[in-house]
Amino acid sequence: MLNTLGLEAWVVAKRLRHRDGGILVTQLYGHPDRDEAISRMRRAYTASVTTLWGTAPAEPPDVRGNLGGTR
């Protein structure tokens, strides 16, 4: 229910008739599987990234840090 349906821990706890507000559910099952955790982190960080007006995209990695773009 936590990973597949994305329900909050307190909702799962209520469904399981726990009275601790989701503490036990979080301790036992609160860890999403690796792929889901990565997906959540990517969604969280990409949603908050905004391009500033007037900024140019970064230079390709091979010329970054070199004077005049030479090696």
# chains A, B, ... in the order shown; residues from 1 in each chain; ligands from 1
>>> residues_around(residues="range 21-33 of chain A", least_positions_apart="6", cutoff="6 Å", atoms="only C-alpha atoms", output="list in words")
Asn3, Ala9, Trp10 and Ala13 of chain A
>>> write_last_selection(atoms="N, CA and C atoms", output="PDB file, in the first residue's frame")
ATOM      1  N   ASN A   3       4.084   1.549  -1.238  1.00  0.00           N
ATOM      2  CA  ASN A   3       4.806   1.694  -2.502  1.00  0.00           C
ATOM      3  C   ASN A   3       3.886   1.708  -3.711  1.00  0.00           C
ATOM      4  N   ALA A   9       1.493   6.715   5.483  1.00  0.00           N
ATOM      5  CA  ALA A   9       1.627   5.693   6.521  1.00  0.00           C
ATOM      6  C   ALA A   9       0.441   5.702   7.482  1.00  0.00           C
ATOM      7  N   TRP A  10      -0.084   6.883   7.803  1.00  0.00           N
ATOM      8  CA  TRP A  10      -1.206   6.941   8.743  1.00  0.00           C
ATOM      9  C   TRP A  10      -2.471   6.326   8.143  1.00  0.00           C
ATOM     10  N   ALA A  13      -1.980   2.598   8.449  1.00  0.00           N
ATOM     11  CA  ALA A  13      -2.142   2.232   9.861  1.00  0.00           C
ATOM     12  C   ALA A  13      -3.611   2.182  10.252  1.00  0.00           C
TER      13      ALA A  13
END
>>> atom_distance(atom1="CA of Leu16 in chain A", atom2="CA of Leu2 in chain A")
12.6 Å
>>> select_by_dssp(residues="range 4-53 of chain A", states="helix (DSSP H, G or I)", output="list in words")
Ala9, Trp10, Val11, Val12, Ala13, Lys14, Arg15, Ile23, Leu24, Val25, Thr26, Gln27, Leu28, Tyr29, Arg34, Asp35, Glu36, Ala37, Ile38, Ser39, Arg40, Met41, Arg42, Arg43, Ala44, Tyr45, Thr46, Ala47 and Ser48 of chain A
>>> write_last_selection(atoms="N, CA and C atoms", output="short mmCIF file (atom, residue, chain, number, x, y, z; two decimals), in the first residue's frame")
data_model
loop_
_atom_site.label_atom_id
_atom_site.label_comp_id
_atom_site.auth_asym_id
_atom_site.auth_seq_id
_atom_site.Cartn_x
_atom_site.Cartn_y
_atom_site.Cartn_z
N ALA A 9 1.49 6.71 5.48
CA ALA A 9 1.63 5.69 6.52
C ALA A 9 0.44 5.70 7.48
N TRP A 10 -0.08 6.88 7.80
CA TRP A 10 -1.21 6.94 8.74
C TRP A 10 -2.47 6.33 8.14
N VAL A 11 -2.62 6.40 6.82
CA VAL A 11 -3.79 5.79 6.17
C VAL A 11 -3.70 4.28 6.24
N VAL A 12 -2.49 3.76 5.98
CA VAL A 12 -2.27 2.31 6.06
C VAL A 12 -2.49 1.84 7.49
N ALA A 13 -1.98 2.60 8.45
CA ALA A 13 -2.14 2.23 9.86
C ALA A 13 -3.61 2.18 10.25
N LYS A 14 -4.36 3.15 9.79
CA LYS A 14 -5.79 3.17 10.12
C LYS A 14 -6.48 1.94 9.53
N ARG A 15 -6.12 1.59 8.30
CA ARG A 15 -6.70 0.42 7.63
C ARG A 15 -6.36 -0.87 8.39
N ILE A 23 3.31 5.02 12.99
CA ILE A 23 4.70 4.83 13.43
C ILE A 23 5.18 3.41 13.14
N LEU A 24 4.39 2.41 13.51
CA LEU A 24 4.79 1.02 13.28
C LEU A 24 4.89 0.72 11.78
N VAL A 25 3.95 1.21 11.02
CA VAL A 25 3.98 1.00 9.56
C VAL A 25 5.24 1.60 8.97
N THR A 26 5.60 2.80 9.42
CA THR A 26 6.80 3.45 8.91
C THR A 26 8.05 2.68 9.30
N GLN A 27 8.11 2.20 10.54
CA GLN A 27 9.28 1.45 10.99
C GLN A 27 9.44 0.13 10.26
N LEU A 28 8.33 -0.56 10.01
CA LEU A 28 8.41 -1.88 9.39
C LEU A 28 8.42 -1.83 7.87
N TYR A 29 7.60 -0.97 7.29
CA TYR A 29 7.41 -1.00 5.85
C TYR A 29 7.70 0.33 5.17
N ARG A 34 14.07 0.21 -4.07
CA ARG A 34 15.12 1.08 -4.60
C ARG A 34 14.63 1.90 -5.79
N ASP A 35 14.00 1.27 -6.77
CA ASP A 35 13.53 1.98 -7.96
C ASP A 35 12.50 3.04 -7.62
N GLU A 36 11.60 2.73 -6.70
CA GLU A 36 10.59 3.71 -6.30
C GLU A 36 11.23 4.88 -5.57
N ALA A 37 12.21 4.61 -4.71
CA ALA A 37 12.89 5.68 -3.99
C ALA A 37 13.62 6.61 -4.96
N ILE A 38 14.30 6.06 -5.94
CA ILE A 38 15.00 6.86 -6.94
C ILE A 38 14.00 7.69 -7.74
N SER A 39 12.90 7.09 -8.12
CA SER A 39 11.88 7.79 -8.88
C SER A 39 11.31 8.96 -8.08
N ARG A 40 11.05 8.75 -6.80
CA ARG A 40 10.52 9.82 -5.94
C ARG A 40 11.50 10.97 -5.80
N MET A 41 12.78 10.63 -5.64
CA MET A 41 13.79 11.67 -5.51
C MET A 41 13.92 12.48 -6.79
N ARG A 42 13.91 11.80 -7.93
CA ARG A 42 14.00 12.52 -9.20
C ARG A 42 12.81 13.44 -9.40
N ARG A 43 11.61 12.96 -9.08
CA ARG A 43 10.42 13.81 -9.21
C ARG A 43 10.49 15.01 -8.28
N ALA A 44 10.97 14.79 -7.07
CA ALA A 44 11.05 15.88 -6.09
C ALA A 44 12.04 16.95 -6.53
N TYR A 45 13.20 16.54 -7.04
CA TYR A 45 14.22 17.53 -7.39
C TYR A 45 13.99 18.16 -8.75
N THR A 46 13.44 17.43 -9.70
CA THR A 46 13.21 18.04 -11.01
C THR A 46 12.02 18.97 -10.99
N ALA A 47 11.08 18.76 -10.09
CA ALA A 47 9.92 19.65 -10.00
C ALA A 47 10.31 21.01 -9.46
N SER A 48 11.37 21.07 -8.65
CA SER A 48 11.75 22.33 -8.03
C SER A 48 12.82 23.09 -8.80
#
